[in-house]
$ cat entry-v6.txt   # compact mmCIF, C-alpha atoms
# COMPACT_ATOMS: atom_id res chain seq x y z
CA MET D 153 30.75 22.30 28.52
CA SER D 154 34.22 21.48 27.14
CA MET D 155 36.14 18.42 28.33
CA LYS D 156 38.61 20.65 30.16
CA SER D 157 35.94 22.48 32.14
CA PHE D 158 34.14 19.18 32.74
CA ASP D 159 37.38 17.79 34.20
CA LYS D 160 37.62 20.83 36.47
CA PHE D 161 34.00 20.37 37.50
CA CYS D 162 34.66 16.71 38.41
CA GLU D 163 37.84 17.68 40.24
CA ALA D 164 35.93 20.26 42.26
CA MET D 165 33.28 17.67 43.11
CA ILE D 166 35.84 15.10 44.25
CA ASN D 167 38.25 17.46 45.94
CA PRO D 168 36.41 20.69 46.80
CA ASP D 169 38.37 23.81 47.59
CA LYS D 170 38.18 23.78 51.35
CA ASP D 171 38.83 27.48 51.77
CA LYS D 172 36.05 28.31 49.37
CA TYR D 173 33.25 26.24 50.84
CA GLN D 174 34.28 25.79 54.45
CA GLU D 175 31.45 26.42 56.86
CA ILE D 176 32.59 27.24 60.38
CA PHE D 177 30.39 26.18 63.26
CA ASP D 178 30.84 27.23 66.85
CA GLU D 179 30.96 24.86 69.82
CA ARG D 180 27.23 25.08 70.67
CA GLN D 181 26.32 24.42 67.05
CA LYS D 182 28.60 21.38 66.89
CA GLN D 183 27.12 19.92 70.08
CA MET D 184 23.60 20.60 68.90
CA GLN D 185 24.32 19.07 65.48
CA LEU D 186 25.68 15.93 67.10
CA HIS D 187 22.55 15.61 69.22
CA ILE D 188 20.29 16.07 66.23
CA VAL D 189 22.27 13.49 64.21
CA ILE D 190 21.84 11.01 67.08
CA GLU D 191 18.12 11.77 67.21
CA ALA D 192 17.83 11.29 63.45
CA LEU D 193 19.66 7.96 63.67
CA VAL D 194 17.42 6.79 66.51
CA ILE D 195 14.38 7.78 64.46
CA PHE D 196 15.79 5.90 61.45
CA VAL D 197 16.33 2.75 63.49
CA LEU D 198 12.83 2.98 65.00
CA ILE D 199 11.19 3.49 61.60
CA MET D 200 13.18 0.59 60.12
CA PHE D 201 12.18 -1.61 63.05
CA ALA D 202 8.53 -0.68 62.58
CA HIS D 203 8.87 -1.32 58.86
CA CYS D 204 10.33 -4.79 59.44
CA VAL D 205 7.63 -5.68 61.98
CA ILE D 206 4.85 -4.48 59.69
CA SER D 207 6.32 -6.18 56.61
CA ASP D 208 7.06 -9.50 58.30
CA CYS D 209 4.17 -9.84 60.73
CA LEU D 210 1.29 -7.78 59.40
CA ILE D 211 1.32 -6.79 55.77
CA ARG D 212 4.01 -6.58 53.15
CA TRP D 213 3.18 -3.17 51.79
CA SER D 214 6.14 -2.41 49.50
CA GLU D 215 7.59 -4.29 46.57
CA SER D 216 11.16 -4.07 47.86
CA ASN D 217 12.80 -3.31 51.21
CA THR D 218 15.63 -1.20 49.84
CA LEU D 219 13.62 1.71 48.47
CA PRO D 220 11.59 2.30 51.65
CA MET D 221 14.94 2.39 53.47
CA LEU D 222 16.03 5.25 51.22
CA LEU D 223 12.72 6.98 51.86
CA TYR D 224 13.21 6.71 55.63
CA ALA D 225 16.77 8.00 55.27
CA MET D 226 15.43 11.04 53.42
CA ILE D 227 12.85 11.59 56.16
CA CYS D 228 15.68 11.59 58.71
CA VAL D 229 17.76 14.02 56.62
CA LEU D 230 14.74 16.31 56.37
CA TYR D 231 14.24 16.02 60.15
CA TYR D 232 17.90 16.96 60.69
CA ILE D 233 17.69 19.99 58.42
CA ILE D 234 14.44 21.32 59.87
CA LYS D 235 15.52 20.82 63.49
CA ALA D 236 19.01 22.23 62.89
CA GLY D 237 17.46 25.23 61.13
CA VAL D 238 15.01 25.87 63.96
CA LYS D 239 17.71 25.48 66.64
CA GLY D 240 20.06 27.83 64.79
CA CYS D 241 22.86 25.38 64.13
CA PHE D 242 22.38 24.80 60.43
CA ILE D 243 24.10 27.92 59.15
CA GLY D 244 27.64 28.40 60.38
CA VAL D 245 29.31 31.46 61.83
CA ASN D 246 30.73 32.62 58.52
CA GLY D 247 27.61 32.64 56.40
CA ALA D 248 25.71 30.33 54.16
CA VAL D 249 27.63 30.07 50.88
CA ALA D 250 28.65 26.47 51.46
CA ARG D 251 25.02 25.44 51.89
CA TYR D 252 23.80 26.71 48.53
CA VAL D 253 25.74 24.03 46.64
CA PRO D 254 24.23 20.94 48.33
CA ALA D 255 20.81 22.61 48.37
CA GLY D 256 20.96 23.19 44.63
CA MET D 257 22.23 19.65 44.06
CA CYS D 258 19.36 18.21 46.14
CA ILE D 259 16.75 20.10 44.14
CA LEU D 260 18.37 19.29 40.80
CA LEU D 261 18.90 15.57 41.50
CA GLY D 262 15.45 15.27 43.11
CA PHE D 263 13.85 16.92 40.13
CA MET D 264 15.76 14.92 37.50
CA ASN D 265 15.17 11.55 39.11
CA GLY D 266 11.63 12.44 40.12
CA PHE D 267 10.84 13.42 36.55
CA ARG D 268 12.21 10.11 35.27
CA THR D 269 10.13 8.24 37.86
CA VAL D 270 7.01 10.16 36.86
CA ILE D 271 7.57 9.01 33.26
CA GLU D 272 8.00 5.42 34.49
CA LEU D 273 4.81 5.70 36.53
CA SER D 274 2.87 7.13 33.62
CA ASP D 275 4.09 4.22 31.43
CA ASP D 276 2.69 1.83 34.04
CA GLY D 277 -0.64 3.63 34.02
CA TRP D 278 0.05 5.42 37.33
CA ALA D 279 0.07 2.13 39.21
CA VAL D 280 0.66 3.30 42.79
CA ILE D 281 -0.48 -0.03 44.21
CA LYS D 282 0.17 -3.33 42.47
CA ASP D 283 -0.73 -6.73 44.00
CA ASN D 284 -1.66 -4.98 47.28
CA MET D 285 1.82 -3.48 47.50
CA VAL D 286 3.03 0.06 46.98
CA THR D 287 5.13 0.11 43.81
CA ASP D 288 8.84 0.90 43.86
CA SER D 289 8.28 3.74 41.42
CA PHE D 290 5.91 5.50 43.79
CA ILE D 291 8.24 5.08 46.80
CA GLY D 292 11.07 6.38 44.62
CA LEU D 293 8.94 9.37 43.66
CA LEU D 294 8.24 10.12 47.33
CA THR D 295 11.97 9.89 48.10
CA TYR D 296 12.85 12.31 45.31
CA ALA D 297 10.08 14.65 46.39
CA LEU D 298 11.55 14.66 49.91
CA MET D 299 14.98 15.27 48.41
CA MET D 300 13.69 18.36 46.65
CA LEU D 301 11.92 19.46 49.81
CA THR D 302 15.22 19.13 51.68
CA GLY D 303 16.86 21.48 49.19
CA VAL D 304 13.96 23.92 49.44
CA PHE D 305 14.12 23.96 53.26
CA THR D 306 17.87 24.49 53.09
CA ILE D 307 17.41 27.54 50.88
CA ILE D 308 14.62 28.88 53.14
CA PHE D 309 16.92 28.68 56.18
CA ILE D 310 19.77 30.30 54.26
CA LYS D 311 17.54 33.18 53.15
CA LYS D 312 16.22 33.58 56.69
CA SER D 313 19.75 33.71 58.07
CA GLU D 314 20.80 36.26 55.44
CA LYS D 315 17.81 38.46 56.29
CA GLU D 316 18.65 38.33 59.99
CA GLU D 317 22.24 39.27 59.21
CA GLN D 318 21.12 42.21 57.07
CA LYS D 319 18.85 43.40 59.88
CA SER D 320 21.60 43.28 62.47
CA SER D 321 24.23 45.02 60.30
CA MET R 80 11.53 13.53 73.97
CA PHE R 81 15.28 13.07 74.32
CA ALA R 82 16.88 13.33 77.73
CA TYR R 83 20.10 14.84 76.44
CA ASP R 84 18.46 17.96 75.04
CA LEU R 85 20.82 20.88 75.67
CA LYS R 86 18.09 22.90 77.36
CA GLY R 87 17.73 20.31 80.03
CA GLN R 88 21.48 20.08 80.58
CA SER R 89 21.41 21.64 84.02
CA ASP R 90 19.52 24.11 86.16
CA MET R 91 21.51 27.06 84.91
CA ALA R 92 20.33 30.51 85.81
CA LYS R 93 20.34 33.47 83.47
CA ASN R 94 23.72 35.09 83.18
CA LEU R 95 22.72 38.65 83.99
CA ARG R 96 26.31 39.70 84.75
CA MET R 97 27.33 38.90 81.22
CA LYS R 98 24.31 40.70 79.84
CA SER R 99 24.99 43.83 81.88
CA ALA R 100 28.70 43.79 80.95
CA ARG R 101 27.71 43.61 77.30
CA ALA R 102 25.17 46.40 77.73
CA ALA R 103 27.77 48.53 79.51
CA LEU R 104 29.95 48.35 76.39
CA ASP R 105 26.90 49.08 74.23
CA LEU R 106 27.37 45.86 72.31
CA SER R 107 24.55 43.94 70.70
CA GLN R 108 24.44 40.14 70.91
CA GLU R 109 25.31 40.06 67.21
CA GLU R 110 28.39 42.25 67.69
CA LEU R 111 29.60 40.25 70.66
CA ALA R 112 29.01 37.04 68.70
CA LYS R 113 31.07 38.32 65.77
CA ARG R 114 33.96 39.30 68.05
CA CYS R 115 33.86 35.92 69.77
CA LYS R 116 33.49 34.11 66.42
CA VAL R 117 30.26 32.38 67.40
CA THR R 118 26.64 32.81 66.34
CA ARG R 119 24.19 35.26 67.89
CA GLN R 120 22.08 32.28 69.00
CA THR R 121 25.02 30.96 71.03
CA ILE R 122 25.47 34.26 72.90
CA SER R 123 21.72 34.39 73.46
CA ALA R 124 21.75 30.80 74.79
CA VAL R 125 24.65 31.56 77.18
CA GLU R 126 22.94 34.68 78.52
CA SER R 127 19.63 32.95 79.01
CA GLY R 128 21.27 29.97 80.72
CA ASP R 129 20.25 27.51 78.03
CA TYR R 130 23.80 26.59 77.11
CA ASN R 131 26.79 25.77 79.27
CA PRO R 132 29.78 27.28 77.41
CA THR R 133 33.21 25.64 77.27
CA ILE R 134 36.09 27.30 79.07
CA ASN R 135 37.46 28.51 75.72
CA LEU R 136 34.29 30.40 74.92
CA CYS R 137 34.10 31.80 78.46
CA VAL R 138 37.65 33.14 78.10
CA GLN R 139 36.86 34.60 74.69
CA ILE R 140 33.75 36.35 76.04
CA CYS R 141 35.69 37.69 79.02
CA ARG R 142 38.43 39.05 76.75
CA VAL R 143 35.93 40.87 74.53
CA LEU R 144 33.98 42.27 77.49
CA GLY R 145 37.11 43.13 79.47
CA LYS R 146 36.10 41.11 82.50
CA THR R 147 37.55 38.16 84.37
CA LEU R 148 36.10 34.67 84.48
CA ASP R 149 35.20 35.19 88.13
CA GLU R 150 33.33 38.37 87.39
CA LEU R 151 31.19 36.84 84.67
CA PHE R 152 30.90 33.15 85.35
CA TRP R 153 31.76 32.26 88.94
CA GLU R 154 28.83 31.42 91.11
CA GLU R 155 29.03 31.09 94.87
CA GLU R 156 27.73 27.79 96.18
CA LYS R 157 24.32 28.05 97.81
CA LYS R 158 24.39 26.87 101.40
$ encode --input "entry-v6.txt" --output "structure tokens"
Amino acid sequence: MSMKSFDKFCEAMINPDKDKYQEIFDERQKQMQLHIVIEALVIFVLIMFAHCVISDCLIRWSESNTLPMLLYAMICVLYYIIKAGVKGCFIGVNGAVARYVPAGMCILLGFMNGFRTVIELSDDGWAVIKDNMVTDSFIGLLTYALMMLTGVFTIIFIKKSEKEEQKSS
Amino acid sequence: MFAYDLKGQSDMAKNLRMKSARAALDLSQEELAKRCKVTRQTISAVESGDYNPTINLCVQICRVLGKTLDELFWEEEKK
């Protein structure tokens, strides 16, 4: 990739062409999305609360507190995507093009970082548990796996929506 | 689990008038959805009484089906 095209790529990432990737949702979809986001946030807060209680009062099971937080955030994102897909508010009125980009990014980033973490883990002799605590590398690996799963689910819902559209036309 | 689930929004009945008006024009849910610029699931939810549409969507549906708001959406109060 030349510097010029790399600049364009960065520009598109920072300031995407709105007309190109705009996904239009109808009123029911917007309401439903808002509800699911609230549910996901409530779930995140509850999981974090449970994590804090378990870590402080029962057993400190992870090396750090930050990485599990990312893992829980990914769980909530996955929850949002699955529920929105099932309820029919994940794909907008005008098709699914806009969703392919983040889905591809999720899979790519998940794979790249997951691969790096696997190498780290193998260097440590696959130490999933160290000093009675789950290692950061393993929690990171789980997070990246969920990230990839999120991308996969996104593509499944897009394909499903495209099939339904083909059937109806 | 969550009290604000859209399905439990109110005791809405099925909108059979809308369904019959659509059938009279030989329109599928998908076609009506496209003309109203919403998804098929939204039309399905309105017809089955699972979603309470905004006034804008009601007007849009009425325009496409050639009916008035009263004809499609007004319900007499039960005494």
$ closest_residue --input "entry-v6.txt" --among "D:Thr306, D:Ser274, D:Asn246, D:Gln181" --to "Tyr231 in chain D" --atoms "only C-alpha atoms"
D:Thr306
$ closest_atom_pairs --input "entry-v6.txt" --of "chain D" --to "chain R" --cutoff "12 Å" --atoms "only C-alpha atoms" --output "JSON lines"
{"residue": "D:Ile176", "atom": "CA", "partner": "R:Val117", "partner_atom": "CA", "distance": 9.0}
{"residue": "D:Phe177", "atom": "CA", "partner": "R:Val117", "partner_atom": "CA", "distance": 7.5}
{"residue": "D:Asp178", "atom": "CA", "partner": "R:Val117", "partner_atom": "CA", "distance": 5.2}
{"residue": "D:Glu179", "atom": "CA", "partner": "R:Thr133", "partner_atom": "CA", "distance": 7.8}
{"residue": "D:Arg180", "atom": "CA", "partner": "R:Thr121", "partner_atom": "CA", "distance": 6.3}
{"residue": "D:Gln181", "atom": "CA", "partner": "R:Thr121", "partner_atom": "CA", "distance": 7.8}
{"residue": "D:Lys182", "atom": "CA", "partner": "R:Thr121", "partner_atom": "CA", "distance": 11.0}
{"residue": "D:Gln183", "atom": "CA", "partner": "R:Leu85", "partner_atom": "CA", "distance": 8.5}
{"residue": "D:Met184", "atom": "CA", "partner": "R:Leu85", "partner_atom": "CA", "distance": 7.3}
{"residue": "D:Gln185", "atom": "CA", "partner": "R:Leu85", "partner_atom": "CA", "distance": 10.9}
{"residue": "D:Leu186", "atom": "CA", "partner": "R:Asp84", "partner_atom": "CA", "distance": 10.9}
{"residue": "D:His187", "atom": "CA", "partner": "R:Asp84", "partner_atom": "CA", "distance": 7.5}
{"residue": "D:Ile188", "atom": "CA", "partner": "R:Asp84", "partner_atom": "CA", "distance": 9.2}
{"residue": "D:Ile190", "atom": "CA", "partner": "R:Phe81", "partner_atom": "CA", "distance": 10.0}
{"residue": "D:Glu191", "atom": "CA", "partner": "R:Phe81", "partner_atom": "CA", "distance": 7.8}
{"residue": "D:Ala192", "atom": "CA", "partner": "R:Phe81", "partner_atom": "CA", "distance": 11.3}
{"residue": "D:Val194", "atom": "CA", "partner": "R:Phe81", "partner_atom": "CA", "distance": 10.2}
{"residue": "D:Ile195", "atom": "CA", "partner": "R:Phe81", "partner_atom": "CA", "distance": 11.2}
{"residue": "D:Gly237", "atom": "CA", "partner": "R:Gln120", "partner_atom": "CA", "distance": 11.5}
{"residue": "D:Val238", "atom": "CA", "partner": "R:Gln120", "partner_atom": "CA", "distance": 10.8}
{"residue": "D:Lys239", "atom": "CA", "partner": "R:Gln120", "partner_atom": "CA", "distance": 8.4}
{"residue": "D:Gly240", "atom": "CA", "partner": "R:Gln120", "partner_atom": "CA", "distance": 6.5}
{"residue": "D:Cys241", "atom": "CA", "partner": "R:Gln120", "partner_atom": "CA", "distance": 8.5}
{"residue": "D:Phe242", "atom": "CA", "partner": "R:Thr118", "partner_atom": "CA", "distance": 10.8}
{"residue": "D:Ile243", "atom": "CA", "partner": "R:Thr118", "partner_atom": "CA", "distance": 9.1}
{"residue": "D:Gly244", "atom": "CA", "partner": "R:Thr118", "partner_atom": "CA", "distance": 7.5}
{"residue": "D:Val245", "atom": "CA", "partner": "R:Thr118", "partner_atom": "CA", "distance": 5.4}
{"residue": "D:Asn246", "atom": "CA", "partner": "R:Lys116", "partner_atom": "CA", "distance": 8.5}
{"residue": "D:Gly247", "atom": "CA", "partner": "R:Thr118", "partner_atom": "CA", "distance": 10.0}
{"residue": "D:Ser313", "atom": "CA", "partner": "R:Thr118", "partner_atom": "CA", "distance": 10.8}
{"residue": "D:Glu316", "atom": "CA", "partner": "R:Glu109", "partner_atom": "CA", "distance": 10.0}
{"residue": "D:Glu317", "atom": "CA", "partner": "R:Glu109", "partner_atom": "CA", "distance": 8.6}
{"residue": "D:Gln318", "atom": "CA", "partner": "R:Glu109", "partner_atom": "CA", "distance": 11.2}
{"residue": "D:Lys319", "atom": "CA", "partner": "R:Glu109", "partner_atom": "CA", "distance": 10.3}
{"residue": "D:Ser320", "atom": "CA", "partner": "R:Glu109", "partner_atom": "CA", "distance": 6.8}
{"residue": "D:Ser321", "atom": "CA", "partner": "R:Glu109", "partner_atom": "CA", "distance": 8.6}
$ atom_distance --input "entry-v6.txt" --atom1 "CA of Ile291 in chain D" --atom2 "CA of Ile310 in chain D"
28.7 Å
$ atom_distance --input "entry-v6.txt" --atom1 "CA of Tyr232 in chain D" --atom2 "CA of Phe196 in chain D"
11.3 Å
$ atom_distance --input "entry-v6.txt" --atom1 "CA of Phe267 in chain D" --atom2 "CA of Lys311 in chain D"
26.7 Å
